Each structure stands twice: as C-alpha cells, then as structure tokens.
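Structure data (compact mmCIF, C-alpha atoms) from coords.txt:
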# COMPACT_ATOMS: atom_id res chain seq x y z
CA MET A 1 162.34 -13.62 -109.90
CA PRO A 2 162.08 -15.08 -113.43
CA ASP A 3 158.70 -16.30 -114.67
CA MET A 4 158.01 -19.95 -114.06
CA THR A 5 157.99 -22.35 -116.98
CA ALA A 6 154.74 -24.07 -117.94
CA LYS A 7 155.93 -27.23 -116.20
CA GLU A 8 156.90 -25.42 -113.00
CA SER A 9 153.58 -23.60 -112.94
CA LEU A 10 151.60 -26.80 -113.44
CA LEU A 11 153.61 -28.66 -110.80
CA ALA A 12 152.97 -25.80 -108.37
CA ARG A 13 149.21 -25.88 -109.04
CA ILE A 14 149.16 -29.64 -108.54
CA SER A 15 151.08 -29.31 -105.26
CA GLU A 16 148.76 -26.55 -104.03
CA ARG A 17 145.63 -28.44 -105.24
CA SER A 18 144.66 -25.37 -107.24
CA ALA A 19 144.86 -27.28 -110.53
CA ARG A 20 141.50 -28.10 -112.08
CA VAL A 21 141.02 -31.70 -113.23
CA GLY A 22 138.73 -32.82 -116.03
CA VAL A 23 137.78 -36.47 -116.48
CA VAL A 24 136.35 -37.46 -119.86
CA GLY A 25 134.09 -40.48 -119.45
CA LEU A 26 132.27 -41.14 -116.18
CA GLY A 27 131.94 -44.91 -116.30
CA TYR A 28 133.32 -47.56 -113.95
CA THR A 29 136.83 -46.10 -114.37
CA GLY A 30 136.17 -42.38 -114.72
CA LEU A 31 133.76 -41.76 -111.85
CA PRO A 32 135.90 -43.44 -109.14
CA LEU A 33 138.94 -41.53 -110.42
CA ALA A 34 137.07 -38.22 -110.47
CA VAL A 35 135.92 -38.83 -106.90
CA GLU A 36 139.50 -39.50 -105.78
CA TYR A 37 140.77 -36.27 -107.35
CA ALA A 38 137.92 -34.31 -105.76
CA ARG A 39 138.58 -35.99 -102.42
CA ALA A 40 142.24 -34.93 -102.72
CA GLY A 41 141.11 -31.30 -102.96
CA PHE A 42 141.08 -30.71 -106.72
CA ARG A 43 138.06 -29.05 -108.31
CA THR A 44 137.08 -31.86 -110.64
CA THR A 45 134.70 -31.80 -113.59
CA GLY A 46 133.52 -34.88 -115.41
CA VAL A 47 132.54 -34.75 -119.07
CA ASP A 48 130.18 -37.42 -120.34
CA LEU A 49 127.83 -37.48 -123.32
CA ASP A 50 125.22 -39.23 -121.17
CA SER A 51 123.20 -36.37 -119.69
CA ASP A 52 121.57 -38.74 -117.17
CA ARG A 53 124.97 -39.61 -115.71
CA CYS A 54 125.86 -35.95 -115.40
CA ALA A 55 122.57 -35.18 -113.70
CA GLU A 56 123.14 -38.01 -111.22
CA VAL A 57 126.60 -36.72 -110.30
CA ASN A 58 125.40 -33.14 -109.92
CA ALA A 59 122.54 -34.36 -107.73
CA GLY A 60 125.00 -36.22 -105.52
CA HIS A 61 124.02 -39.72 -106.64
CA SER A 62 126.34 -42.55 -107.64
CA TYR A 63 125.47 -45.14 -110.29
CA ILE A 64 128.71 -47.09 -109.75
CA ALA A 65 128.54 -49.76 -107.02
CA ASP A 66 132.07 -49.07 -105.77
CA VAL A 67 131.37 -45.36 -105.25
CA PRO A 68 129.04 -44.52 -102.33
CA SER A 69 126.43 -41.86 -103.09
CA GLU A 70 127.27 -40.11 -99.84
CA ASP A 71 130.81 -39.50 -101.15
CA VAL A 72 129.50 -38.00 -104.39
CA ALA A 73 126.96 -35.90 -102.51
CA ALA A 74 129.54 -34.50 -100.08
CA LEU A 75 132.00 -33.59 -102.83
CA ALA A 76 129.30 -32.07 -105.05
CA GLU A 77 128.04 -29.99 -102.11
CA GLN A 78 131.57 -28.69 -101.48
CA GLY A 79 131.87 -27.65 -105.12
CA LEU A 80 134.71 -30.11 -105.71
CA LEU A 81 132.85 -32.44 -108.08
CA SER A 82 130.54 -31.66 -110.99
CA ALA A 83 129.66 -33.06 -114.40
CA THR A 84 128.65 -31.73 -117.80
CA THR A 85 128.08 -32.85 -121.38
CA ASP A 86 129.92 -29.80 -122.72
CA TYR A 87 133.55 -30.30 -123.81
CA ALA A 88 134.05 -26.52 -123.78
CA THR A 89 134.49 -26.66 -120.02
CA MET A 90 137.79 -28.46 -120.62
CA ALA A 91 139.30 -25.12 -121.67
CA GLU A 92 139.28 -24.24 -117.97
CA MET A 93 141.09 -27.44 -116.93
CA ASP A 94 144.76 -27.92 -116.14
CA VAL A 95 144.48 -31.70 -116.44
CA ALA A 96 142.39 -33.80 -118.83
CA VAL A 97 142.11 -37.54 -118.18
CA ILE A 98 140.42 -39.70 -120.83
CA CYS A 99 138.60 -42.75 -119.44
CA VAL A 100 136.41 -44.01 -122.29
CA PRO A 101 135.49 -47.57 -123.37
CA THR A 102 137.60 -49.57 -125.82
CA PRO A 103 135.37 -52.40 -127.09
CA LEU A 104 135.84 -54.80 -129.98
CA GLY A 105 134.16 -54.55 -133.37
CA LYS A 106 132.15 -57.39 -134.89
CA GLY A 107 135.32 -58.86 -136.40
CA LYS A 108 137.12 -58.72 -133.02
CA ASP A 109 139.18 -55.76 -134.20
CA PRO A 110 139.83 -52.86 -131.80
CA ASP A 111 137.19 -50.14 -131.74
CA ILE A 112 139.06 -47.02 -130.66
CA SER A 113 136.34 -44.70 -131.91
CA TYR A 114 135.60 -43.57 -128.34
CA ILE A 115 139.23 -42.54 -127.84
CA VAL A 116 139.26 -40.69 -131.17
CA SER A 117 135.93 -39.01 -130.41
CA ALA A 118 137.03 -37.95 -126.91
CA THR A 119 140.33 -36.59 -128.20
CA GLU A 120 138.60 -34.71 -131.02
CA GLY A 121 136.16 -33.22 -128.52
CA LEU A 122 139.01 -32.20 -126.26
CA SER A 123 141.40 -30.97 -128.97
CA PRO A 124 139.93 -27.45 -129.54
CA HIS A 125 140.20 -26.76 -125.81
CA ILE A 126 143.78 -27.94 -125.25
CA HIS A 127 146.02 -25.10 -124.13
CA ASP A 128 149.52 -24.37 -122.89
CA GLY A 129 150.23 -25.66 -119.41
CA MET A 130 147.86 -28.63 -119.69
CA LEU A 131 148.47 -32.31 -118.93
CA VAL A 132 146.53 -34.78 -121.10
CA VAL A 133 146.33 -38.41 -119.92
CA LEU A 134 144.85 -41.51 -121.52
CA GLU A 135 143.67 -44.26 -119.14
CA SER A 136 141.66 -46.43 -121.55
CA THR A 137 143.10 -49.88 -122.20
CA THR A 138 144.43 -50.09 -125.73
CA TYR A 139 147.15 -51.47 -127.99
CA PRO A 140 150.77 -50.30 -127.66
CA GLY A 141 151.32 -47.14 -129.67
CA THR A 142 147.88 -45.56 -129.24
CA THR A 143 149.02 -42.60 -127.14
CA GLU A 144 151.73 -41.67 -129.64
CA GLU A 145 149.79 -42.44 -132.81
CA ILE A 146 146.29 -41.21 -131.91
CA LEU A 147 146.61 -38.65 -129.12
CA LEU A 148 149.92 -36.95 -129.83
CA PRO A 149 149.03 -35.39 -133.23
CA ARG A 150 145.72 -34.08 -131.87
CA VAL A 151 147.29 -32.71 -128.69
CA LEU A 152 149.81 -30.72 -130.71
CA ARG A 153 147.29 -29.22 -133.15
CA ASN A 154 147.10 -25.91 -131.34
CA GLY A 155 150.84 -25.25 -131.62
CA CYS A 156 151.77 -26.48 -128.15
CA ILE A 157 155.29 -27.81 -127.62
CA LEU A 158 155.49 -31.32 -126.19
CA GLY A 159 157.29 -31.47 -122.86
CA GLU A 160 157.55 -27.69 -122.64
CA THR A 161 154.08 -26.16 -122.90
CA ILE A 162 151.95 -29.31 -123.14
CA PHE A 163 152.32 -32.65 -121.36
CA LEU A 164 151.05 -36.04 -122.48
CA GLY A 165 151.05 -39.40 -120.75
CA TYR A 166 149.41 -42.78 -120.34
CA SER A 167 148.34 -44.59 -117.17
CA PRO A 168 146.32 -47.79 -117.57
CA GLU A 169 143.28 -48.15 -115.33
CA ARG A 170 143.40 -50.99 -112.83
CA VAL A 171 139.81 -51.04 -111.66
CA ASP A 172 138.47 -54.30 -110.23
CA PRO A 173 134.72 -53.70 -109.74
CA GLY A 174 133.40 -55.12 -106.51
CA ASN A 175 136.82 -55.71 -104.96
CA PRO A 176 136.41 -55.00 -101.23
CA THR A 177 140.17 -54.69 -100.62
CA TYR A 178 141.69 -52.75 -103.52
CA GLY A 179 140.37 -49.46 -104.83
CA THR A 180 141.84 -46.50 -106.69
CA ARG A 181 144.07 -45.26 -103.88
CA ASN A 182 145.73 -48.48 -102.69
CA THR A 183 146.21 -50.09 -106.11
CA PRO A 184 149.70 -49.27 -107.49
CA LYS A 185 149.47 -47.09 -110.61
CA VAL A 186 151.71 -47.46 -113.66
CA VAL A 187 152.45 -44.09 -115.30
CA ALA A 188 154.40 -43.01 -118.37
CA GLY A 189 155.06 -39.72 -120.16
CA MET A 190 155.93 -38.90 -123.75
CA THR A 191 159.01 -37.01 -122.46
CA PRO A 192 160.87 -36.91 -119.11
CA SER A 193 159.06 -33.67 -118.26
CA CYS A 194 155.73 -35.28 -119.07
CA LEU A 195 156.59 -38.19 -116.76
CA GLU A 196 157.55 -35.78 -113.98
CA VAL A 197 154.15 -34.10 -114.18
CA MET A 198 152.39 -37.49 -114.37
CA GLN A 199 154.11 -38.68 -111.21
CA ALA A 200 153.28 -35.47 -109.37
CA LEU A 201 149.61 -35.70 -110.32
CA TYR A 202 149.00 -39.37 -109.57
CA SER A 203 150.93 -39.34 -106.30
CA THR A 204 148.18 -37.09 -104.94
CA VAL A 205 145.53 -39.82 -105.32
CA VAL A 206 147.47 -43.11 -105.37
CA ASP A 207 149.68 -44.52 -102.63
CA THR A 208 152.19 -46.16 -104.99
CA VAL A 209 153.15 -44.76 -108.41
CA VAL A 210 155.16 -47.01 -110.74
CA PRO A 211 156.93 -45.03 -113.51
CA VAL A 212 157.91 -46.76 -116.75
CA SER A 213 159.97 -45.53 -119.67
CA THR A 214 157.37 -44.97 -122.41
CA PRO A 215 153.59 -44.89 -122.93
CA ALA A 216 153.92 -47.97 -125.17
CA THR A 217 155.49 -49.81 -122.23
CA ALA A 218 152.59 -48.81 -119.98
CA GLU A 219 150.07 -49.78 -122.66
CA MET A 220 151.76 -53.17 -123.02
CA THR A 221 151.82 -53.64 -119.23
CA LYS A 222 148.03 -53.48 -119.09
CA ILE A 223 147.70 -55.89 -122.01
CA LEU A 224 150.05 -58.36 -120.27
CA GLU A 225 148.05 -58.19 -117.03
CA ASN A 226 144.83 -59.07 -118.82
CA THR A 227 146.41 -61.59 -121.19
CA PHE A 228 147.90 -63.42 -118.20
CA ARG A 229 144.42 -63.90 -116.81
CA ALA A 230 142.79 -64.74 -120.14
CA VAL A 231 145.38 -67.42 -120.99
CA ASN A 232 145.26 -69.02 -117.55
CA ILE A 233 141.48 -69.01 -117.50
CA GLY A 234 141.61 -70.66 -120.92
CA LEU A 235 143.92 -73.33 -119.47
CA ALA A 236 141.54 -73.89 -116.55
CA ASN A 237 138.60 -74.20 -118.94
CA GLU A 238 140.47 -76.73 -121.07
CA PHE A 239 141.37 -78.71 -117.95
CA ALA A 240 137.68 -78.70 -117.00
CA MET A 241 136.75 -80.32 -120.31
CA ILE A 242 139.62 -82.81 -120.02
CA CYS A 243 138.62 -83.76 -116.47
CA GLU A 244 135.03 -84.19 -117.58
CA ARG A 245 136.09 -86.71 -120.22
CA LEU A 246 138.25 -88.56 -117.70
CA GLY A 247 135.61 -88.61 -114.98
CA ILE A 248 137.68 -86.44 -112.62
CA ASP A 249 136.39 -83.53 -110.51
CA VAL A 250 138.25 -80.46 -111.81
CA TRP A 251 137.38 -78.47 -108.67
CA GLU A 252 139.04 -81.09 -106.50
CA VAL A 253 142.09 -81.00 -108.78
CA VAL A 254 142.44 -77.21 -108.57
CA GLY A 255 141.82 -77.28 -104.83
CA ALA A 256 144.57 -79.83 -104.32
CA ALA A 257 147.00 -78.07 -106.69
CA LYS A 258 146.67 -74.72 -104.93
CA THR A 259 147.99 -76.22 -101.69
CA LYS A 260 151.44 -76.02 -103.30
CA PRO A 261 153.04 -72.94 -101.69
CA PHE A 262 155.17 -72.03 -104.70
CA GLY A 263 155.08 -72.15 -108.49
CA PHE A 264 151.28 -72.34 -108.80
CA MET A 265 148.45 -69.79 -108.89
CA PRO A 266 144.86 -71.08 -108.98
CA PHE A 267 142.56 -70.16 -111.86
CA TYR A 268 139.06 -71.54 -112.16
CA PRO A 269 136.91 -72.73 -115.06
CA GLY A 270 133.68 -70.98 -115.90
CA PRO A 271 131.06 -70.40 -118.60
CA GLY A 272 133.34 -68.13 -120.64
CA LEU A 273 134.74 -64.68 -119.98
CA GLY A 274 132.81 -61.59 -118.91
CA GLY A 275 133.61 -58.04 -117.99
CA HIS A 276 135.13 -55.10 -119.82
CA CYS A 277 138.76 -56.24 -119.97
CA ILE A 278 139.71 -59.92 -119.95
CA PRO A 279 137.82 -61.06 -123.07
CA ILE A 280 138.68 -57.91 -125.01
CA ASP A 281 142.06 -56.38 -124.26
CA PRO A 282 144.34 -59.27 -125.30
CA LEU A 283 142.76 -59.15 -128.76
CA TYR A 284 143.95 -55.55 -129.12
CA LEU A 285 147.48 -56.94 -129.10
CA THR A 286 146.51 -59.73 -131.49
CA TRP A 287 145.24 -57.11 -133.96
CA LYS A 288 148.36 -54.99 -133.56
CA MET A 289 150.74 -57.90 -134.13
CA ARG A 290 148.70 -59.23 -137.05
CA SER A 291 149.33 -55.90 -138.78
CA LEU A 292 153.06 -56.54 -138.26
CA GLY A 293 152.89 -60.08 -139.61
CA GLN A 294 153.27 -61.86 -136.28
CA GLN A 295 150.88 -64.38 -134.79
CA THR A 296 149.87 -64.35 -131.11
CA ARG A 297 149.24 -68.05 -130.67
CA PHE A 298 148.63 -68.24 -126.92
CA ILE A 299 146.15 -65.37 -126.99
CA GLU A 300 144.25 -66.74 -129.97
CA LEU A 301 144.11 -70.26 -128.52
CA ALA A 302 142.86 -68.96 -125.17
CA ASP A 303 140.20 -66.91 -126.97
CA THR A 304 139.08 -70.01 -128.89
CA VAL A 305 138.77 -72.07 -125.71
CA ASN A 306 137.08 -69.35 -123.67
CA SER A 307 134.68 -68.45 -126.48
CA SER A 308 133.59 -72.09 -126.72
CA MET A 309 132.67 -72.34 -123.04
CA PRO A 310 129.14 -70.85 -123.22
CA MET A 311 128.09 -73.48 -125.76
CA HIS A 312 129.85 -76.20 -123.74
CA VAL A 313 127.92 -75.19 -120.62
CA VAL A 314 124.60 -75.07 -122.49
CA THR A 315 125.29 -78.54 -123.90
CA ARG A 316 126.00 -79.89 -120.43
CA ILE A 317 122.77 -78.36 -119.14
CA ALA A 318 120.81 -79.89 -122.02
CA ASP A 319 122.37 -83.29 -121.32
CA ALA A 320 121.54 -83.02 -117.62
CA LEU A 321 117.93 -82.12 -118.41
CA ASN A 322 117.70 -84.98 -120.89
CA ASP A 323 118.87 -87.36 -118.16
CA GLU A 324 115.86 -86.16 -116.16
CA GLU A 325 113.63 -86.50 -119.22
CA LYS A 326 113.04 -82.75 -119.30
CA PRO A 327 113.33 -80.45 -122.35
CA ILE A 328 115.51 -77.33 -122.24
CA ARG A 329 112.69 -75.25 -123.71
CA GLY A 330 110.80 -73.37 -121.07
CA ARG A 331 113.29 -74.11 -118.31
CA ARG A 332 114.64 -71.39 -116.00
CA ILE A 333 118.09 -71.48 -114.45
Rewritten as structure tokens:
Amino acid sequence: MPDMTAKESLLARISERSARVGVVGLGYTGLPLAVEYARAGFRTTGVDLDSDRCAEVNAGHSYIADVPSEDVAALAEQGLLSATTDYATMAEMDVAVICVPTPLGKGKDPDISYIVSATEGLSPHIHDGMLVVLESTTYPGTTEEILLPRVLRNGCILGETIFLGYSPERVDPGNPTYGTRNTPKVVAGMTPSCLEVMQALYSTVVDTVVPVSTPATAEMTKILENTFRAVNIGLANEFAMICERLGIDVWEVVGAAKTKPFGFMPFYPGPGLGGHCIPIDPLYLTWKMRSLGQQTRFIELADTVNSSMPMHVVTRIADALNDEEKPIRGRRI
C-alpha cells in the first residue's frame, strides 16, 4: 500500500481524534474553542504569554464566564486540555489555531502586532503535515499577506505538505443560546486541499460548517457582520437624538416599528459601542480601503455618531442634574 500523502495522513488523524491541536491565545475566543476541541477528544494545548491564565487552565479553573470551571477541570484531569507559555510545544501539534486580539492603534489604524507576534512565535515550529488557522478578526488579505510567507519559511509546500486557512470567530459572550458548537462556522482555505482539511477539522466541533472560496472572502464576511451592527446601531443612536429634539420617545418608536413582521430588524440606542468587535472591526476595512483610495462613508459616519454618544449621554445627565439643582461633581450613577 503506497504511503499516504501529508493531507491524507492529517485527515486520518483528525478523523481518529489522534491529531494534537494547539490554540494560540486563550482569551474569550481561544479558551472556549480549546475546550470544544478537547471535548471532541483531541489532546489540546493552549499557548498564552499570560502565565496566570495557563496556571488557571492547568489547575482546572476557568476565567471566561461562558466556560464552566467544571468543564476545564474534567478535561484537564483527563489529559485532554493543558496550557503553556512555551511556543516550542507547537512543534508537537498537528493543528495550530491563532486566536489573538486585533485592537486599534491611537489613530484608529489596525494593530495586527498580536497576529504578527503569534505567527513569528509559531513559525520556527511549523512542520510538514500541519494545519495553521487564523481566527482573529482582521482586514481582507491578512491571511495571505501576513501568515502565508511565515508559514512557508521552513520550505513547506502549500496545499501539499502544509495547510493554511481562515475561520472568523463568532463568539457572543454571555449568549445563553448560541455557543461554539451550535453557531455556524465560516471556513476558507488557501487552496482546495487546505479547505478540505479545514472542513474536516471544524466539523468535529461545530454543527454547521460554511465553506467559502477564499480566506479574503471569510475575512470580509466577519467585517460585514460587525459593520452591519455598527451602522444600524449608529442609525438607532441618531434616531434617539432626533427623537429627543422632537419630543418623541425613541423607545416607543422602536417598539412600534418592530411589530412589522418583515423588512425591519430592531436596533437600540445606547451610550456608544463596547466590546471587542463592533467598535473596532469595521475600521479595519476603512483602513484597508483608504490605502486603496476608496472612502467607506457609511462606516465612518456610523463611527462618528457612535463615538459621540458617550459625551451626549454625559451632557444629558448633567442637564438632568441641573434641573434638580445638583452638580455633576461628586455624583454616583
């Protein structure tokens, strides 16, 4: 019987659950994913530069609200889940999944230093027969431009001896209904063989896998999801300010509008945008398109409106206190 190719061997190890999975970054995306792989039967190792996080995982404790400590403890006790600060352990892995933060710099430009740092840490330990996946939200082109050259440094052949793909995280912290397993997962590979391996891997931990043609398509999908929310929240915030000027209750307006059974989805005003994704990810696309000479008007306008909301709320609070003849200084909310 002829020797198996690198792809066939990796697919077999994934099917048999004998593949070892490494997750780089054990934050709100990485730890839940690592737990799912371990729960599926893969020996899973997390790599994080925060030694306290690693110690918590190894002790069977969870620091992520959506991940019960009893799950971490059970998997750690079975030898299916562990954590380390040492990238060298990735040399033993068949799969490396990068789940690191992608914040904005002071000028609202993308800060992909965590992706670069993680890939540089991983690069010396990449070997034939390995699948490398990026899950961090980023601008279209990152997988090809940033990861691909570093993945191929050791002489591996893309789609033959090494496999590279992108799958955007879809974590909604605190959601009681949708978690890692029952949230459909978009996946893409740099080549058809890469996509085949991606689908095989993710189908072990996710109920529905959605393949797309290229990593750039998958990267853009995530940006669209978050831009959709950012723009519509911006619209809701603008409506709130308009209703205030007109003496109309915006909450009553939204409540009435959402009774329409088609063509409307309710979004609600608030004191700006929070979280890891909505206020940040659309601006990754703005930066990318600015470099190509194209303006992203909807995204920029929504960012302007949403960024103004904290000051608008503080002003309303100050006005309300003034009406009660109370200063804002020294008040607690």
Open item on the list: Ranking A:Arg245, A:Arg153, A:Arg329, A:Arg229 by minimum distance to Asn306 in chain A and counting only C-alpha atoms, which one comes first?
Closed with: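 Ranking A:Arg245, A:Arg153, A:Arg329, A:Arg229 by distance to Asn306 in chain A, first place goes to A:Arg229.
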TODO: Mind checking which residues fall within 9 Å of range 187-190 of chain A, counting only C-alpha atoms, ignoring those fewer than 5 positions away in the same chain, and posting them as a list in words?
DONE: Val133, Thr143, Glu144, Leu148, Leu158, Gly159, Phe163, Leu164, Gly165, Tyr166, Ser167, Pro168, Leu195, Glu196, Val197, Met198, Gln199, Tyr202, Val209, Val210, Pro211, Val212, Ser213, Thr214, Pro215, Ala216, Thr217 and Ala218 of chain A
- [ ] Within 8 Å of Ala40 in chain A, counting all atoms listed in the file, which residues show up once you throw out same-chain ones fewer than 6 positions away? Write them as a PyMOL selection string, please.
- [x] chain A and resi 17+204-205
- [ ] Just give me the gap between CA of Val95 in chain A and CA of Pro124 in chain A in Å, one decimal is fine.
- [x]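 Result for CA of Val95 in chain A versus CA of Pro124 in chain A: 14.5 Å, one decimal.
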TODO: Give the answer as one residue: which of A:Met289, A:Asp281, A:Ser69, A:Ala320 has the shortest atom-to-atom distance to Lys108 in chain A, using only C-alpha atoms?
DONE: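 Using only C-alpha atoms, the shortest distance to Lys108 in chain A belongs to A:Asp281.
Take the candidates A:Pro279, A:Gly60, A:Gly46, A:Gly30 and check each one against Met93 in chain A using only C-alpha atoms; the shortest distance goes to A:Gly46.
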Open item on the list: Can you measure CA of Met130 in chain A to CA of Val171 in chain A for me? One decimal in Å is fine.
Closed with: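 Computing the Euclidean distance for CA of Met130 in chain A and CA of Val171 in chain A yields 25.1 Å.
For the residues A:Val47, A:Ile14, A:Leu104, A:Leu26, ranking by smallest atom-to-atom distance to Val67 in chain A using all atoms listed in the file places A:Leu26 first.
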- [ ] Would you kindly return, as a list in words, each protein, DNA or RNA residue with an atom no farther than 10 Å from any atom of Ala59 in chain A, considering all atoms listed in the file and excluding same-chain residues fewer than 4 positions away?
- [x] Arg53, Cys54, Ala55, Ser69, Val72, Ala73, Ala76, Glu77, Ser82 and Ala83 of chain A
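If you look at CA of Asp319 in chain A and CA of Arg331 in chain A, they are 13.3 Å away from each other.
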Open item on the list: For a quick check of your reading of the model, name the residues lying within 10 Å of the coordinate (138.6, -31.8, -105.5), counting all atoms listed in the file, and write them as a list in words.
Closed with: Arg17, Ser18, Ala19, Arg20, Val21, Ala34, Val35, Glu36, Tyr37, Ala38, Arg39, Ala40, Gly41, Phe42, Arg43, Thr44, Thr45, Leu75, Ala76, Gln78, Gly79, Leu80, Leu81 and Ser82 of chain A
- [ ] Return the single residue from A:Leu224, A:Lys260, A:Pro269, A:Leu131 that is closest to Ala236 in chain A, with distances computed using only C-alpha atoms.
- [x] A:Pro269
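Using only C-alpha atoms, the nearest neighbour of Lys185 in chain A within the list A:Glu145, A:Glu244, A:Asp66, A:Glu135 is A:Glu135.
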